[in-house]
Protein chains: 2
Amino acid sequence: MRDYVLRGNLCYSADMDHIETRAHAYLVCLDGRCAGVFDQLPARYAQLPLADFGDRLILPGMTDLHVHAPQFAFRGLGMDMELLEWLNTYTFPEESKYRELDYAGRAYSSFVQHLRRSETTRAVIFATIHVPATELLMQKLEDAGLCSYVGKVNMNRNCPDYLREDSTVQAVRDTRRWIEETKDRFTRTRPIITPRFIPSCTDDLMYALRDLREEYDLPVQSHLSENYSEIAWIRELCPRAKHYGDAYDQFGLFGGGYPCIMAHCVHSNEDEQALIRQRGVFIAHSPESNINLASGVAPVNQFLDNGLRVGLATDIAGGSHESMLRATMHAIQASKLRWRLYDQNVKPLSFERAFYLATMGGGAFFGKVGSFLDGFELDAVVLDDGTLDHPQALSVRARLERAVYLADERNITAKFVAGERLF
Amino acid sequence: MRDYVLRGNLCYSADMDHIETRAHAYLVCLDGRCAGVFDQLPARYAQLPLADFGDRLILPGMTDLHVHAPQFAFRGLGMDMELLEWLNTYTFPEESKYRELDYAGRAYSSFVQHLRRSETTRAVIFATIHVPATELLMQKLEDAGLCSYVGKVNMNRNCPDYLREDSTVQAVRDTRRWIEETKDRFTRTRPIITPRFIPSCTDDLMYALRDLREEYDLPVQSHLSENYSEIAWIRELCPRAKHYGDAYDQFGLFGGGYPCIMAHCVHSNEDEQALIRQRGVFIAHSPESNINLASGVAPVNQFLDNGLRVGLATDIAGGSHESMLRATMHAIQASKLRWRLYDQNVKPLSFERAFYLATMGGGAFFGKVGSFLDGFELDAVVLDDGTLDHPQALSVRARLERAVYLADERNITAKFVAGERLF
């Protein structure tokens with residue numbers, strides 16, 4: 001059942017500066033893709049099944065471009081440290097538990113259930129170093145009907161023994177096995193090469209991951225320029241690199257001919273931004289995480305003005321919440337404080353641009369995803385904002401803005417991913 | 001029924017840097033006040049009725065020290081402007097609707113219902129210039145069982161005709177009538193003198209409000225040093241004042257011998273802070289509002305270190321949400337960005353201090369309120385965090401921190417205000 005019509009108050013980005021709002025309009029879906037928005041349903045579609053959502057809002061599904069599934073267990077905790085201390089104190093001990101498949105099963109079930117109920121239709125996910133737990137996570141995501149890339153994490157230095165891959169040979173053997181076992185197993189869930197970040201991978205592991213990436217033609221995700229201490233560390237570890245991004249590039253893990261996501265880019269300088277643009281690397285902007293870990297705020301408007309590819313991310317558990325609506329709020333809020341407190345040359349994010357980041361911006365990593373323009377895969381979230389009561393008449397545009405600040409998963413009453421209805 | 005015992009996981013501030021957490025402990029309430037926390041219930045209290053909340057968290061009720069009830073209708077909207085433009089574009093048109101009692105009734109019912117369900121037990125509230133609507137709001141708050149101060153707003157210049165008090169004589173006559181009609185009418189709801197802010201009140205109105213305040217011995221609330229343009233305007237309007245706070249002081253409306261709240265104080269300089277301290281003025285720190293209107297971030301830790309009195313506020317509709325848990329999150333987050341982006345001399349707020357602000361800090365405006373220490377009025381919120389699932393064991397302290405980031409009104413299963421159980 002991939003041909004049908006949705007009716008409701010449609011809200012979607014036409015481009016990064018324009019949101020289309022069409023009250024009580026029809027969205028035609030043919031073979032799982034958007035095939036037109038109409039005020040009156042054309043006669044040629046009159047025979048298609050119609051799901052009429054009345055006065056509800058219908059938005060494109062949102063893409064969470066960077067989220068750590070095993071950190072969901074401690075979301076909202078340990079917000080009193082910066083990145084490197086936080087990793088050692090909270091993150092690594094928690095991630096080590098995923099060697100136990102029983103624990104992983106309980107924790108990942110919770111994560112996937114929350115994600116399924118949320119406005120997220122697609123996600124790019126870090127797991128842990130553990131192959132069985134990572135495969136279990138992939139199976140659960142597939143079963144939930146979400147579209148995702150999932151990375152078995154690689155890390156073999158500067159981390160505790162209990163969470164370190166034994167050797168590069170062993171790491172490559174495990175990673176190859178995981179790729180072989182998962183690359184053709186699912187329809188919506190795909191592997192992605194995932195070095196945690198340069199400090200936790202030896203040079204030979206990085207080169208080996210580059211070779212695996214080429215061999216299997218996989219995308220890549222990692223972290224970039226999140227925190228000042230991290231960046232200083234990179235200067236020690238990679239003295240020949242012009243900047244942190246250049247270090248990934250020298251390892252052959254910075255996009256170019258293949259898709260690549262770098263999370264954060266809070267402190268990327270001009271040269272690094274130029275290389276990000278040149279290589280077509282996606283930036284996963286993670287505003288709440290960058291606030292909670294006191295990393296700073298990336299100059300997102302500058303990225304967009306300069307043609308960089310940017311999406312939005314929750315970055316759980318740096319971020320506390322799986323909600324991409326909340327991430328949209330945080331993106332706007334963080335940009336305002338960056339402007340007020342730090343740099344008046346980069347204006348705050350408009351609502352239009354923040355909504356674009358959460359939908360089309362990150363969706364682009366998956367292809368034509370994140371809008372209701374013709375040809376886009378149909379990812380949609382139906383939002384009943386009736387509980388967000390108000391005494392006055394409100395436009396659809398106003399209701400959309402309120403939803404970003406006030407709605408939660410209770411307001412999501414239906415969800416479609418790649419043309420399939422989840423609930 | 002004002003003598004009873006509560007049992008559960010008690011969390012409360014002992015002082016601004018220490019949170020007591022007592023697992024499965026007993027809180028004795030005598031005549032509506034806290035009379036001891038015990039791991040084992042003493043025999044002398046064994047006959048009191050016991051409400052056993054099992055494994056739930058029990059926190060002190062929270063005090064919202066600054067919130068605009070008529071702005072609840074447009075919460076989450078119009079976040080694209082700074083203060084003065086925002087007032088003229090969104091706020092004043094909305095507030096003018098409260099001359100219609102029918103509209104006010106619908107809008108205030110919604111506000112009060114949300115507040116009743118929230119973790120807020122006490123609030124200090126701006127209404128509008130309209131006496132009948134303000135009295136209606138007070139009645140609804142009283143009926144809901146909340147404790148509050150409510151201000152009929154005064155404003156007679158620099159505002160649109162449709163929301164301007166006709167003359168100082170008329171403003172004083174209306175205000176006096178409102179005070180007479182409300183000062184002894186309720187048990188939990190009291191009037192507070194409320195000049196909107198200096199730009200919207202003529203000098204003679206300010207002096208008249210000072211006289212009314214003295215005559216009826218009432219507290220005062222207003223706004224202070226929120227936004228750069230506002231502060232520049234004050235310099236023009238009050239050329240003889242050393243600073244904004246001094247201008248209020250010259251009008252006799254800056255505390256001293258009586259309780260006074262000033263919202264924001266984002267940009268209060270050293271002299272202004274010294275006068276705030278000297279006069280014992282409460283600062284209503286409104287982090288989300290100060291972010292949304294791009295005002296900046298007040299140096300809250302500096303205020304606390306210097307002995308200023310500070311509470312937390314949602315400042316709806318500068319803030320989008322009535323939740324004081326969310327305000328607590330925003331206070332921590334804003335302080336981190338202020339530290340990272342602007343001033344490394346003022347450290348981020350600890351979780352302890354943010355929780356203190358939301359409970360004891362603002363509660364102090366109402367007397368001994370906001371903790372479970374002996375003699376404090378019993379305001380309590382019972383929080384069932386069972387839906388915030390996690391696969392690992394968590395301490396009570398950890399569960400409290402998570403609740404700030406993740407809980408909402410669904411998690412609040414019981415509420416006590418001044419010794420009375422609301423639900």
# chains A, B, ... in the order shown; residues from 1 in each chain; ligands from 1
>>> closest_atom_pairs(of="chain A", to="chain B", cutoff="6 Å", atoms="only C-alpha atoms", output="JSON lines")
{"residue": "A:Ala73", "atom": "CA", "partner": "B:His390", "partner_atom": "CA", "distance": 5.3}
{"residue": "A:Gly76", "atom": "CA", "partner": "B:Arg402", "partner_atom": "CA", "distance": 4.5}
{"residue": "A:Leu77", "atom": "CA", "partner": "B:Arg402", "partner_atom": "CA", "distance": 5.7}
{"residue": "A:Ala107", "atom": "CA", "partner": "B:Pro391", "partner_atom": "CA", "distance": 5.5}
{"residue": "A:Ile291", "atom": "CA", "partner": "B:Gln333", "partner_atom": "CA", "distance": 6.0}
{"residue": "A:Ala294", "atom": "CA", "partner": "B:Lys336", "partner_atom": "CA", "distance": 5.4}
{"residue": "A:Gln333", "atom": "CA", "partner": "B:Ile291", "partner_atom": "CA", "distance": 6.0}
{"residue": "A:Lys336", "atom": "CA", "partner": "B:Ala294", "partner_atom": "CA", "distance": 5.4}
{"residue": "A:Leu341", "atom": "CA", "partner": "B:Tyr342", "partner_atom": "CA", "distance": 5.6}
{"residue": "A:Tyr342", "atom": "CA", "partner": "B:Leu341", "partner_atom": "CA", "distance": 5.6}
{"residue": "A:His390", "atom": "CA", "partner": "B:Ala73", "partner_atom": "CA", "distance": 5.2}
{"residue": "A:Pro391", "atom": "CA", "partner": "B:Ala107", "partner_atom": "CA", "distance": 5.5}
{"residue": "A:Arg402", "atom": "CA", "partner": "B:Gly76", "partner_atom": "CA", "distance": 4.6}
{"residue": "A:Tyr405", "atom": "CA", "partner": "B:Gly76", "partner_atom": "CA", "distance": 5.4}
>>> write_last_selection(atoms="C-alpha atoms", output="PDB file, in the first residue's frame")
ATOM      1  CA  ALA A  73      20.379   4.960  29.322  1.00  0.00           C
ATOM      2  CA  GLY A  76      19.742  13.745  31.557  1.00  0.00           C
ATOM      3  CA  LEU A  77      22.570  12.717  33.870  1.00  0.00           C
ATOM      4  CA  ALA A 107      18.575  -0.632  26.940  1.00  0.00           C
ATOM      5  CA  ILE A 291      25.354  23.509  25.574  1.00  0.00           C
ATOM      6  CA  ALA A 294      29.728  23.617  27.652  1.00  0.00           C
ATOM      7  CA  GLN A 333      18.088  29.338  21.379  1.00  0.00           C
ATOM      8  CA  LYS A 336      20.611  33.628  19.886  1.00  0.00           C
ATOM      9  CA  LEU A 341      27.230  36.932  23.887  1.00  0.00           C
ATOM     10  CA  TYR A 342      29.916  36.163  21.359  1.00  0.00           C
ATOM     11  CA  HIS A 390      -5.066  28.647  23.077  1.00  0.00           C
ATOM     12  CA  PRO A 391      -7.986  31.077  23.179  1.00  0.00           C
ATOM     13  CA  ARG A 402       4.344  26.547  18.909  1.00  0.00           C
ATOM     14  CA  TYR A 405       8.397  24.729  21.817  1.00  0.00           C
TER      15      TYR A 405
END
>>> residues_around(residues="Asp204 in chain A", least_positions_apart="5", cutoff="12 Å", atoms="only C-alpha atoms", output="list in words")
Met155, Asn156, Arg157, Ser167, Thr168, Val169, Ala171, Val172, Pro195, Ile198, Leu209, Arg210, Asp211, Phe251 and Gly252 of chain A
>>> write_last_selection(atoms="C-alpha atoms", output="short mmCIF file (atom, residue, chain, number, x, y, z; two decimals), in the first residue's frame")
data_model
loop_
_atom_site.label_atom_id
_atom_site.label_comp_id
_atom_site.auth_asym_id
_atom_site.auth_seq_id
_atom_site.Cartn_x
_atom_site.Cartn_y
_atom_site.Cartn_z
CA MET A 155 38.39 2.67 19.37
CA ASN A 156 41.74 1.17 20.34
CA ARG A 157 43.64 3.82 22.30
CA SER A 167 44.43 -4.78 18.41
CA THR A 168 44.01 -3.27 15.00
CA VAL A 169 43.92 -6.75 13.50
CA ALA A 171 39.27 -4.53 15.30
CA VAL A 172 39.36 -4.96 11.55
CA PRO A 195 35.84 5.66 14.22
CA ILE A 198 40.89 10.49 16.20
CA LEU A 209 38.96 1.70 8.30
CA ARG A 210 39.60 3.73 5.17
CA ASP A 211 40.36 0.49 3.31
CA PHE A 251 43.43 9.28 6.83
CA GLY A 252 41.06 9.23 3.85
#
>>> residues_around(residues="Gly61 in chain B", least_positions_apart="6", cutoff="7 Å", atoms="only C-alpha atoms", output="ChimeraX atom specification")
/B:119-121,359,370,379-381
>>> closest_residue(among="B:Ser13, B:Thr134, B:Ser148, B:Ser323", to="Ser118 in chain B", atoms="only C-alpha atoms")
B:Ser323
>>> select_by_dssp(residues="range 37-235 of chain B", states="alpha helix (DSSP H)", output="PyMOL selection string")
chain B and resi 83-86+92-96+101-117+131-144+168-182+203-216+228-235
>>> residues_around(residues="Thr413 in chain B", least_positions_apart="3", cutoff="9 Å", atoms="only C-alpha atoms", output="ChimeraX atom specification")
/B:381-384,409-410,423
>>> write_last_selection(atoms="N, CA and C atoms", output="JSON list (two decimals), in the first residue's frame")
[["chain", "number", "residue", "atom", "x", "y", "z"],
["B", 381, "VAL", "N", 5.66, 18.22, 45.79],
["B", 381, "VAL", "CA", 5.27, 17.65, 44.50],
["B", 381, "VAL", "C", 5.76, 16.21, 44.48],
["B", 382, "VAL", "N", 4.86, 15.29, 44.20],
["B", 382, "VAL", "CA", 5.24, 13.88, 44.13],
["B", 382, "VAL", "C", 5.43, 13.51, 42.66],
["B", 383, "LEU", "N", 6.61, 13.00, 42.37],
["B", 383, "LEU", "CA", 7.01, 12.78, 40.98],
["B", 383, "LEU", "C", 7.23, 11.29, 40.73],
["B", 384, "ASP", "N", 6.44, 10.75, 39.85],
["B", 384, "ASP", "CA", 6.59, 9.35, 39.45],
["B", 384, "ASP", "C", 7.42, 9.31, 38.18],
["B", 409, "GLU", "N", 4.47, 17.28, 33.23],
["B", 409, "GLU", "CA", 3.35, 17.23, 34.18],
["B", 409, "GLU", "C", 2.74, 15.84, 34.29],
["B", 410, "ARG", "N", 2.98, 14.98, 33.28],
["B", 410, "ARG", "CA", 2.48, 13.60, 33.41],
["B", 410, "ARG", "C", 3.09, 12.89, 34.61],
["B", 423, "PHE", "N", -4.14, 17.38, 44.73],
["B", 423, "PHE", "CA", -4.55, 16.14, 44.05],
["B", 423, "PHE", "C", -3.59, 15.05, 44.41]]
>>> closest_residue(among="B:Ala51, B:Ile276, B:Val396, B:Val281", to="Thr21 in chain B", atoms="only C-alpha atoms")
B:Val396
>>> select_by_dssp(residues="range 212-258 of chain A", states="strand (DSSP E)", output="list in words")
Val220, Gln221, Ser222, His223 and Leu224 of chain A
>>> closest_residue(among="A:Ile261, A:Val37, A:Val124, A:Ala274", to="Ala25 in chain A", atoms="only C-alpha atoms")
A:Val37
>>> closest_residue(among="A:Pro49, A:Gly307, A:Gly36, A:Gly145", to="Leu373 in chain A", atoms="only C-alpha atoms")
A:Gly36
>>> closest_residue(among="B:Leu378, B:Val220, B:Ile412, B:Val310", to="Arg353 in chain B", atoms="only C-alpha atoms")
B:Val310
>>> atom_distance(atom1="CA of Tyr244 in chain B", atom2="CA of Asp271 in chain B")
10.1 Å
>>> residues_around(residues="Leu304 in chain B", least_positions_apart="5", cutoff="12 Å", atoms="only C-alpha atoms", output="PyMOL selection string")
chain B and resi 15-17+273+277+282-283+285+298-299+309-311+346-347+349-350+353-354+356-357+361
>>> write_last_selection(atoms="N, CA and C atoms", output="mmCIF file, in the first residue's frame")
data_model
loop_
_atom_site.group_PDB
_atom_site.id
_atom_site.type_symbol
_atom_site.label_atom_id
_atom_site.label_comp_id
_atom_site.auth_asym_id
_atom_site.auth_seq_id
_atom_site.Cartn_x
_atom_site.Cartn_y
_atom_site.Cartn_z
ATOM 1 N N ASP B 15 20.797 24.018 51.837
ATOM 2 C CA ASP B 15 21.201 25.393 51.547
ATOM 3 C C ASP B 15 21.488 25.429 50.055
ATOM 4 N N MET B 16 22.046 26.539 49.563
ATOM 5 C CA MET B 16 22.109 26.642 48.099
ATOM 6 C C MET B 16 23.115 25.684 47.472
ATOM 7 N N ASP B 17 24.010 25.109 48.269
ATOM 8 C CA ASP B 17 24.996 24.205 47.695
ATOM 9 C C ASP B 17 24.811 22.740 48.076
ATOM 10 N N GLN B 273 23.843 46.030 41.288
ATOM 11 C CA GLN B 273 23.819 44.819 42.124
ATOM 12 C C GLN B 273 23.963 45.172 43.611
ATOM 13 N N ARG B 277 21.213 44.367 46.509
ATOM 14 C CA ARG B 277 21.551 43.655 47.748
ATOM 15 C C ARG B 277 21.139 44.474 48.969
ATOM 16 N N PHE B 282 14.429 40.902 45.515
ATOM 17 C CA PHE B 282 14.540 39.579 44.904
ATOM 18 C C PHE B 282 14.744 39.730 43.394
ATOM 19 N N ILE B 283 15.677 38.972 42.851
ATOM 20 C CA ILE B 283 15.850 38.895 41.402
ATOM 21 C C ILE B 283 15.092 37.677 40.897
ATOM 22 N N HIS B 285 15.155 35.414 38.138
ATOM 23 C CA HIS B 285 15.998 34.993 37.010
ATOM 24 C C HIS B 285 15.143 34.211 36.016
ATOM 25 N N ALA B 298 21.926 36.483 32.822
ATOM 26 C CA ALA B 298 22.332 37.110 34.080
ATOM 27 C C ALA B 298 23.416 36.276 34.773
ATOM 28 N N PRO B 299 24.344 36.932 35.448
ATOM 29 C CA PRO B 299 25.429 36.216 36.154
ATOM 30 C C PRO B 299 24.950 35.666 37.491
ATOM 31 N N ARG B 309 19.396 37.949 46.709
ATOM 32 C CA ARG B 309 18.283 36.999 46.793
ATOM 33 C C ARG B 309 17.776 36.732 45.388
ATOM 34 N N VAL B 310 17.791 35.467 44.991
ATOM 35 C CA VAL B 310 17.439 35.115 43.619
ATOM 36 C C VAL B 310 16.474 33.942 43.613
ATOM 37 N N GLY B 311 15.471 34.027 42.764
ATOM 38 C CA GLY B 311 14.607 32.889 42.485
ATOM 39 C C GLY B 311 14.536 32.672 40.989
ATOM 40 N N VAL B 346 32.607 33.851 35.864
ATOM 41 C CA VAL B 346 31.406 33.377 36.554
ATOM 42 C C VAL B 346 31.132 31.952 36.084
ATOM 43 N N LYS B 347 31.314 31.022 36.985
ATOM 44 C CA LYS B 347 31.185 29.598 36.628
ATOM 45 C C LYS B 347 29.744 29.216 36.323
ATOM 46 N N LEU B 349 26.198 27.377 36.654
ATOM 47 C CA LEU B 349 25.403 26.964 37.813
ATOM 48 C C LEU B 349 25.527 25.471 38.023
ATOM 49 N N SER B 350 25.765 25.077 39.258
ATOM 50 C CA SER B 350 25.687 23.656 39.583
ATOM 51 C C SER B 350 24.218 23.226 39.598
ATOM 52 N N ARG B 353 22.616 24.431 42.838
ATOM 53 C CA ARG B 353 22.172 25.818 42.898
ATOM 54 C C ARG B 353 20.932 26.073 42.043
ATOM 55 N N ALA B 354 20.867 25.429 40.907
ATOM 56 C CA ALA B 354 19.690 25.625 40.050
ATOM 57 C C ALA B 354 18.434 25.094 40.750
ATOM 58 N N TYR B 356 18.052 24.779 43.966
ATOM 59 C CA TYR B 356 17.801 25.732 45.069
ATOM 60 C C TYR B 356 17.017 26.944 44.571
ATOM 61 N N LEU B 357 17.419 27.504 43.427
ATOM 62 C CA LEU B 357 16.723 28.687 42.894
ATOM 63 C C LEU B 357 15.241 28.401 42.671
ATOM 64 N N GLY B 361 15.037 29.347 46.791
ATOM 65 C CA GLY B 361 15.430 30.699 46.395
ATOM 66 C C GLY B 361 14.217 31.589 46.184
#
>>> residues_around(residues="Asn88 in chain A", least_positions_apart="5", cutoff="12 Å", atoms="only C-alpha atoms", output="mmCIF file with N, CA and C atoms, in the first residue's frame")
data_model
loop_
_atom_site.group_PDB
_atom_site.id
_atom_site.type_symbol
_atom_site.label_atom_id
_atom_site.label_comp_id
_atom_site.auth_asym_id
_atom_site.auth_seq_id
_atom_site.Cartn_x
_atom_site.Cartn_y
_atom_site.Cartn_z
ATOM 1 N N GLY A 78 24.696 13.575 34.611
ATOM 2 C CA GLY A 78 26.125 13.854 34.461
ATOM 3 C C GLY A 78 26.417 15.060 33.613
ATOM 4 N N MET A 81 30.242 18.174 33.506
ATOM 5 C CA MET A 81 31.620 18.055 33.010
ATOM 6 C C MET A 81 31.711 18.454 31.553
ATOM 7 N N GLU A 82 32.953 18.732 31.141
ATOM 8 C CA GLU A 82 33.194 18.921 29.716
ATOM 9 C C GLU A 82 33.527 17.578 29.063
ATOM 10 N N LEU A 83 33.685 17.626 27.748
ATOM 11 C CA LEU A 83 33.722 16.412 26.940
ATOM 12 C C LEU A 83 34.658 15.301 27.440
ATOM 13 N N PRO A 93 32.188 3.932 30.988
ATOM 14 C CA PRO A 93 31.638 2.867 31.861
ATOM 15 C C PRO A 93 30.276 2.366 31.375
ATOM 16 N N GLU A 94 29.407 3.277 30.941
ATOM 17 C CA GLU A 94 28.092 2.847 30.479
ATOM 18 C C GLU A 94 28.220 2.011 29.201
ATOM 19 N N GLU A 95 29.028 2.497 28.266
ATOM 20 C CA GLU A 95 29.126 1.772 26.988
ATOM 21 C C GLU A 95 29.717 0.377 27.159
ATOM 22 N N SER A 96 30.535 0.195 28.196
ATOM 23 C CA SER A 96 31.141 -1.130 28.394
ATOM 24 C C SER A 96 30.092 -2.190 28.736
ATOM 25 N N ASN A 158 43.667 5.392 24.135
ATOM 26 C CA ASN A 158 43.170 6.484 24.972
ATOM 27 C C ASN A 158 41.760 6.227 25.506
ATOM 28 N N CYS A 159 41.546 4.973 25.846
ATOM 29 C CA CYS A 159 40.261 4.629 26.443
ATOM 30 C C CYS A 159 40.527 3.496 27.415
ATOM 31 N N PRO A 160 39.629 3.260 28.344
ATOM 32 C CA PRO A 160 39.909 2.236 29.363
ATOM 33 C C PRO A 160 39.982 0.838 28.732
ATOM 34 N N ASP A 161 40.754 -0.036 29.382
ATOM 35 C CA ASP A 161 40.913 -1.408 28.880
ATOM 36 C C ASP A 161 39.581 -2.085 28.619
ATOM 37 N N TYR A 162 38.608 -1.801 29.494
ATOM 38 C CA TYR A 162 37.334 -2.520 29.402
ATOM 39 C C TYR A 162 36.515 -2.105 28.190
ATOM 40 N N LEU A 163 36.960 -1.064 27.490
ATOM 41 C CA LEU A 163 36.212 -0.638 26.295
ATOM 42 C C LEU A 163 37.160 -0.408 25.117
ATOM 43 N N SER A 200 40.857 8.369 19.860
ATOM 44 C CA SER A 200 40.653 6.992 20.311
ATOM 45 C C SER A 200 40.982 5.949 19.239
#
>>> atom_distance(atom1="CA of Asp184 in chain B", atom2="CA of Ala127 in chain B")
18.6 Å
